[in-house]
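A.B. asks: This one is my_file-v5.csv, CSV, C-alpha atoms and all ligand atoms.
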chain,number,residue,atom,x,y,z
A,1,MET,CA,74.8,33.0,54.3
A,2,THR,CA,74.8,36.7,53.9
A,3,VAL,CA,74.4,38.8,57.1
A,4,ARG,CA,74.1,42.6,56.7
A,5,THR,CA,73.8,45.0,59.6
A,6,LEU,CA,72.0,48.2,58.6
A,7,PRO,CA,72.2,51.5,60.6
A,8,ASP,CA,68.4,51.6,61.4
A,9,THR,CA,65.0,50.2,60.6
A,10,LEU,CA,64.5,52.6,57.7
A,11,MET,CA,67.6,51.3,55.9
A,12,LEU,CA,66.6,47.8,56.8
A,13,ALA,CA,63.2,48.4,55.1
A,14,GLU,CA,64.8,49.9,52.0
A,15,VAL,CA,67.4,47.1,51.5
A,16,ALA,CA,64.8,44.4,52.2
A,17,ALA,CA,62.5,46.0,49.6
A,18,ASP,CA,65.5,46.0,47.1
A,19,TRP,CA,66.1,42.4,47.8
A,20,LEU,CA,62.6,41.3,46.9
A,21,ALA,CA,62.2,43.7,44.0
A,22,GLN,CA,65.4,42.3,42.4
A,23,ARG,CA,63.9,38.8,42.6
A,24,VAL,CA,60.6,39.8,41.2
A,25,ALA,CA,62.4,41.5,38.3
A,26,LEU,CA,64.3,38.3,37.6
A,27,LYS,CA,61.2,36.1,38.0
A,28,PRO,CA,57.9,38.0,37.8
A,29,GLU,CA,55.8,34.9,38.8
A,30,LEU,CA,57.7,34.6,42.1
A,31,THR,CA,56.1,32.5,44.9
A,32,VAL,CA,56.6,34.3,48.2
A,33,LEU,CA,56.0,33.1,51.7
A,34,VAL,CA,54.8,36.2,53.6
A,35,ALA,CA,55.4,36.9,57.3
A,36,THR,CA,53.3,39.3,59.3
A,37,GLY,CA,54.5,40.8,62.6
A,38,GLN,CA,56.1,44.2,63.0
A,39,THR,CA,59.5,43.7,61.5
A,40,PRO,CA,58.6,43.4,57.8
A,41,MET,CA,56.0,46.2,57.7
A,42,GLY,CA,58.6,48.9,56.7
A,43,MET,CA,59.7,46.6,53.8
A,44,TYR,CA,56.1,46.1,52.7
A,45,GLY,CA,55.5,49.8,52.8
A,46,ARG,CA,58.5,50.5,50.6
A,47,LEU,CA,57.4,47.9,48.1
A,48,ALA,CA,53.9,49.3,48.0
A,49,ALA,CA,55.3,52.8,47.3
A,50,ARG,CA,57.3,51.3,44.3
A,51,VAL,CA,54.2,49.6,43.0
A,52,GLN,CA,52.2,52.8,43.2
A,53,ALA,CA,55.0,54.7,41.5
A,54,GLY,CA,55.0,52.2,38.7
A,55,THR,CA,58.6,51.1,39.2
A,56,LEU,CA,57.6,47.6,40.5
A,57,ASP,CA,55.1,45.1,39.1
A,58,CYS,CA,54.0,42.3,41.4
A,59,SER,CA,50.9,41.3,39.5
A,60,GLN,CA,52.2,37.9,38.7
A,61,VAL,CA,53.5,37.1,42.2
A,62,THR,CA,51.8,34.5,44.4
A,63,ALA,CA,51.7,35.3,48.1
A,64,VAL,CA,51.7,32.3,50.5
A,65,GLN,CA,50.4,32.7,54.0
A,66,LEU,CA,52.9,31.7,56.7
A,67,ASP,CA,50.6,31.3,59.7
A,68,GLU,CA,47.1,31.7,61.1
A,69,TYR,CA,45.5,31.6,64.6
A,70,SER,CA,43.0,28.8,65.1
A,71,GLY,CA,39.3,29.1,65.9
A,72,LEU,CA,38.7,32.7,64.8
A,73,ALA,CA,35.5,33.8,63.1
A,74,PRO,CA,35.9,35.1,59.5
A,75,GLU,CA,35.4,38.7,60.6
A,76,ASP,CA,37.7,38.6,63.6
A,77,PRO,CA,40.2,41.5,63.5
A,78,ARG,CA,43.0,39.3,64.7
A,79,ARG,CA,43.1,37.2,61.5
A,80,LEU,CA,46.7,37.1,60.2
A,81,ARG,CA,45.2,36.5,56.7
A,82,ASP,CA,43.7,40.0,56.9
A,83,TRP,CA,47.0,41.5,58.1
A,84,MET,CA,48.8,39.9,55.2
A,85,MET,CA,46.2,41.2,52.7
A,86,THR,CA,46.2,44.7,54.0
A,87,SER,CA,50.0,45.1,54.4
A,88,PHE,CA,51.2,43.1,51.4
A,89,VAL,CA,48.8,41.6,49.0
A,90,THR,CA,46.4,44.5,48.3
A,91,PRO,CA,49.0,47.4,48.3
A,92,LEU,CA,51.3,45.3,46.1
A,93,ARG,CA,48.4,44.5,43.8
A,94,ILE,CA,49.0,40.8,44.0
A,95,LEU,CA,46.3,38.7,42.5
A,96,LYS,CA,47.2,35.2,43.6
A,97,VAL,CA,47.2,34.0,47.2
A,98,VAL,CA,47.6,30.6,48.8
A,99,PRO,CA,45.8,30.8,52.1
A,100,LEU,CA,46.7,28.7,55.2
A,101,ASP,CA,43.6,27.1,56.6
A,102,ASP,CA,43.8,23.3,56.2
A,103,PRO,CA,47.4,21.9,56.3
A,104,ALA,CA,46.6,19.2,53.6
A,105,THR,CA,45.1,21.7,51.1
A,106,PHE,CA,47.9,24.2,51.7
A,107,THR,CA,50.5,21.5,51.1
A,108,ALA,CA,48.9,20.3,47.9
A,109,GLU,CA,48.5,23.9,46.6
A,110,LEU,CA,52.1,24.6,47.3
A,111,GLU,CA,53.3,21.4,45.6
A,112,ALA,CA,51.2,22.3,42.6
A,113,LEU,CA,53.0,25.6,42.4
A,114,GLY,CA,56.4,23.9,42.5
A,115,GLY,CA,57.3,25.1,46.0
A,116,LEU,CA,58.4,28.4,47.4
A,117,ASP,CA,60.9,30.7,45.6
A,118,VAL,CA,61.3,33.0,48.5
A,119,ALA,CA,60.4,33.0,52.2
A,120,ILE,CA,60.3,36.4,54.0
A,121,LEU,CA,60.6,35.8,57.8
A,122,GLY,CA,60.7,37.5,61.1
A,123,LEU,CA,62.4,36.0,64.1
A,124,GLY,CA,60.3,35.1,67.2
A,125,PRO,CA,61.8,36.1,70.6
A,126,ASN,CA,62.0,32.4,71.3
A,127,GLY,CA,63.6,31.6,67.9
A,128,HIS,CA,60.3,30.5,66.3
A,129,LEU,CA,59.7,30.8,62.5
A,130,GLY,CA,56.0,31.4,61.7
A,131,PHE,CA,54.6,29.5,64.6
A,132,ASN,CA,57.1,26.7,64.5
A,133,GLU,CA,57.6,27.0,68.3
A,134,PRO,CA,60.6,25.4,70.0
A,135,PRO,CA,61.1,22.5,69.9
A,136,SER,CA,60.6,22.2,66.1
A,137,GLY,CA,63.0,20.2,64.0
A,138,PRO,CA,63.7,20.7,60.3
A,139,ASP,CA,61.1,18.2,59.2
A,140,ALA,CA,58.2,19.6,61.2
A,141,PRO,CA,55.3,19.7,58.8
A,142,THR,CA,52.5,22.2,58.3
A,143,ARG,CA,50.3,21.7,61.3
A,144,GLU,CA,48.3,23.1,64.2
A,145,VAL,CA,50.3,24.0,67.3
A,146,ALA,CA,49.8,25.4,70.8
A,147,LEU,CA,51.5,28.8,71.2
A,148,THR,CA,54.2,29.1,73.8
A,149,PRO,CA,54.0,31.7,76.6
A,150,GLU,CA,56.7,33.8,74.8
A,151,SER,CA,54.6,34.0,71.6
A,152,LEU,CA,51.4,34.7,73.5
A,153,LEU,CA,53.2,37.6,75.2
A,154,SER,CA,55.0,39.0,72.1
A,155,ASN,CA,51.8,38.8,70.0
A,156,ARG,CA,49.8,40.8,72.6
A,157,HIS,CA,51.0,44.1,71.4
A,158,TYR,CA,49.5,43.4,67.9
A,159,TRP,CA,45.9,43.3,69.2
A,160,ASN,CA,45.3,46.3,71.4
A,161,GLY,CA,44.4,44.5,74.5
A,162,LEU,CA,42.5,41.6,72.9
A,163,ASP,CA,43.5,38.1,73.9
A,164,VAL,CA,45.9,36.2,71.7
A,165,PRO,CA,44.4,33.0,70.5
A,166,THR,CA,46.3,30.0,72.1
A,167,ARG,CA,46.5,27.8,69.0
A,168,ALA,CA,47.6,28.4,65.4
A,169,VAL,CA,48.3,26.7,62.1
A,170,THR,CA,51.8,27.2,60.8
A,171,ALA,CA,53.6,26.5,57.5
A,172,GLY,CA,56.0,23.7,58.5
A,173,MET,CA,59.7,23.9,58.9
A,174,ASP,CA,59.9,21.6,55.9
A,175,VAL,CA,58.1,24.3,53.8
A,176,ILE,CA,60.2,27.1,55.0
A,177,LEU,CA,63.5,25.3,54.6
A,178,GLY,CA,62.4,24.2,51.2
A,179,ALA,CA,62.3,27.7,49.9
A,180,ARG,CA,64.9,28.4,47.2
A,181,GLU,CA,65.9,31.6,49.1
A,182,THR,CA,65.1,32.9,52.6
A,183,LEU,CA,65.2,36.4,53.9
A,184,LEU,CA,65.3,36.9,57.7
A,185,LEU,CA,64.5,40.4,59.0
A,186,VAL,CA,65.5,41.2,62.6
A,187,SER,CA,65.3,44.5,64.5
A,188,GLY,CA,65.8,45.6,68.1
A,189,ALA,CA,68.0,44.9,71.0
A,190,HIS,CA,65.5,42.4,72.4
A,191,LYS,CA,66.3,40.1,69.4
A,192,ARG,CA,70.1,40.3,69.7
A,193,ALA,CA,70.6,37.2,71.9
A,194,ILE,CA,68.2,35.0,69.9
A,195,LEU,CA,69.6,36.1,66.6
A,196,GLY,CA,73.1,35.2,68.0
A,197,ALA,CA,71.8,31.8,68.9
A,198,ALA,CA,70.2,31.3,65.5
A,199,LEU,CA,73.3,32.4,63.5
A,200,ASP,CA,76.3,31.4,65.8
A,201,GLY,CA,75.0,28.6,68.0
A,202,PRO,CA,74.4,24.9,67.3
A,203,GLU,CA,71.5,23.8,65.1
A,204,THR,CA,68.8,22.8,67.5
A,205,PRO,CA,65.1,22.3,67.7
A,206,GLU,CA,65.2,24.6,70.6
A,207,VAL,CA,66.0,27.4,68.2
A,208,PRO,CA,64.1,26.6,65.0
A,209,ALA,CA,65.6,29.6,63.2
A,210,SER,CA,69.1,27.9,63.6
A,211,TYR,CA,68.1,25.6,60.7
A,212,LEU,CA,67.9,28.6,58.3
A,213,ARG,CA,71.6,28.3,57.9
A,214,ARG,CA,70.8,25.2,55.7
A,215,THR,CA,69.1,27.5,53.2
A,216,ALA,CA,70.4,30.2,50.9
A,217,LEU,CA,69.9,32.7,53.7
A,218,THR,CA,70.1,36.5,53.7
A,219,VAL,CA,69.9,38.1,57.1
A,220,LEU,CA,69.1,41.8,57.4
A,221,ALA,CA,69.4,43.2,60.9
A,222,ASP,CA,69.6,46.6,62.4
A,223,GLN,CA,72.4,47.8,64.5
A,224,GLU,CA,70.6,46.9,67.8
A,225,ALA,CA,69.9,43.3,66.8
A,226,ARG,CA,73.4,42.6,65.3
A,227,PRO,CA,75.9,45.3,66.3
A,301,LIG,P1,57.9,40.7,65.1
A,301,LIG,O1,57.5,39.2,65.2
A,301,LIG,O2,58.3,41.0,63.7
A,301,LIG,O3,56.6,41.4,65.5
A,301,LIG,O4,59.0,41.0,66.1
A,301,LIG,C1,58.3,38.2,64.8
A,301,LIG,C2,57.8,36.8,65.2
A,301,LIG,O5,57.3,36.7,66.3
A,301,LIG,O6,58.0,35.9,64.4
In structure tokens, how does this file's structure come out?
Ligand code: PGA
C.D. replies:
Amino acid sequence: MTVRTLPDTLMLAEVAADWLAQRVALKPELTVLVATGQTPMGMYGRLAARVQAGTLDCSQVTAVQLDEYSGLAPEDPRRLRDWMMTSFVTPLRILKVVPLDDPATFTAELEALGGLDVAILGLGPNGHLGFNEPPSGPDAPTREVALTPESLLSNRHYWNGLDVPTRAVTAGMDVILGARETLLLVSGAHKRAILGAALDGPETPEVPASYLRRTALTVLADQEARP
């Protein structure tokens, strides 16, 4: 495990962009699990700027959706698919996407691709990864789940006063932990305690992110999250 504390979110975004760009340079057809949420947006913006400048080519990358709310109409503005498309896939000019709708189709598509090379993840305030809400053990499969009160609350600020859907489909812990490398991005003092539990506490289903230590994990945190 590598843990780096960066002075601020700008440096976090830059170093995270470097991390992914290096991997794309080594393997242009990288298969990447893509988190939404606030934390990785700076990283995605940096990557998009590099693609625009012609210094990074992501045209052979496959983007894999991490999670999606259940029961939304195709045009609903809260779709996480659209957030992934507008923040990552379109600006990085990525052509191949594995959507997450039906768990069985998703699992078969990922298997056909040979699994994930890289998982880019944020950390839920309750220790969730994607919507693998506590308790989620390491073998939890891709499935539909009920969101916990913590996730309903933390997701509220994404949607400008709209309700947060109460159920979601998430890539399983088995998918995430099967990635050849994982990148966990954490920012803000409100994440300090849960990041400490994930990195320094016991492995437990109560903190799904604690299982990331089983992977080839890089943690990039800002000063407030990991002083
Ligand atoms: P955030 O969300 O990046 O918006 O803090 C992370 C998460 O809830 O998984």
A.B. asks: Of the residues A:Pro91, A:Gln223, A:Leu195, A:Pro40, which is the one nearest to Ser59 (chain A), using all atoms listed in the file?
C.D. replies: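 Residue with the minimum atom-to-atom distance to Ser59 (chain A): A:Pro91.
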A.B. asks: Within 6 Å of ligand LIG 301 (chain A) (counting only C-alpha atoms and all ligand atoms), which residues show up? I'd like them as an MDAnalysis selection string.
C.D. replies: chainID A and resid 37:39 122:124 129:130
A.B. asks: Using C-alpha atoms, can you export the residues from the last selection as an mmCIF file, in the coordinates of the input?
C.D. replies:
data_model
loop_
_atom_site.group_PDB
_atom_site.id
_atom_site.type_symbol
_atom_site.label_atom_id
_atom_site.label_comp_id
_atom_site.auth_asym_id
_atom_site.auth_seq_id
_atom_site.Cartn_x
_atom_site.Cartn_y
_atom_site.Cartn_z
ATOM 1 C CA GLY A 37 54.500 40.800 62.600
ATOM 2 C CA GLN A 38 56.100 44.200 63.000
ATOM 3 C CA THR A 39 59.500 43.700 61.500
ATOM 4 C CA GLY A 122 60.700 37.500 61.100
ATOM 5 C CA LEU A 123 62.400 36.000 64.100
ATOM 6 C CA GLY A 124 60.300 35.100 67.200
ATOM 7 C CA LEU A 129 59.700 30.800 62.500
ATOM 8 C CA GLY A 130 56.000 31.400 61.700
#
A.B. asks: Taking all atoms listed in the file into account, name the residue in A:Leu153, A:Val175, A:Ala209, A:Ala73 that is nearest to Ser136 (chain A).
C.D. replies: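 Using all atoms listed in the file, Ser136 (chain A) sits closest to A:Ala209.
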A.B. asks: Give me the residues near Leu33 (chain A) as a PyMOL selection string, where near means some atom within 7 Å (using only C-alpha atoms) and where sequence neighbours in that chain fewer than 5 positions away do not count.
C.D. replies: chain A and resi 63-66+116+118-120
A.B. asks: When you draw a straight line from CA of Ala146 (chain A) to CA of Ile176 (chain A), how long is it in Å?
C.D. replies: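 If I compute the distance from CA of Ala146 (chain A) to CA of Ile176 (chain A), I get 19.0 Å.
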A.B. asks: Have a look at CA of Glu206 (chain A) and CA of Pro7 (chain A) and let me know their distance in Å, one decimal.
C.D. replies: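 Atom-to-atom, CA of Glu206 (chain A) to CA of Pro7 (chain A), that is 29.5 Å.
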A.B. asks: I want to know what sits within 8 Å of Val24 (chain A), based on all atoms listed in the file, with residues of the same chain fewer than 4 positions away left out; could you give that as a list in words?
C.D. replies: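 Contacts, in chain order: Leu20, Pro28, Glu29, Leu30, Asp57, Cys58 and Val61 of chain A.
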A.B. asks: From the options A:Val3, A:Ala198, A:Val164, A:Val34, which residue's atoms come nearest to Trp83 (chain A), counting all atoms listed in the file?
C.D. replies: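 Smallest distance to Trp83 (chain A) is found for A:Val34.
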A.B. asks: My list of candidates is A:Thr148, A:Thr5, A:Ser187, A:Asn155. Which is closest to Thr36 (chain A) when distances are computed with all atoms listed in the file?
C.D. replies: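 Using all atoms listed in the file, the shortest distance to Thr36 (chain A) belongs to A:Asn155.
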A.B. asks: Around the point (35.7, 42.2, 66.9), in the coordinates given by the file, pick out the residues reaching within 12 Å, counting all atoms listed in the file, and return them as a list in words.
C.D. replies: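 The answer, in the requested form, is Leu72, Ala73, Pro74, Glu75, Asp76, Pro77, Arg78, Arg79, Trp159, Asn160, Gly161, Leu162 and Asp163 of chain A.
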A.B. asks: Which is closer to Ala193 (chain A) than all the others in A:Gly71, A:Gly127, A:Pro99, A:Pro138, using all atoms listed in the file?
C.D. replies: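 Ranked by minimum distance to Ala193 (chain A), first place goes to A:Gly127.
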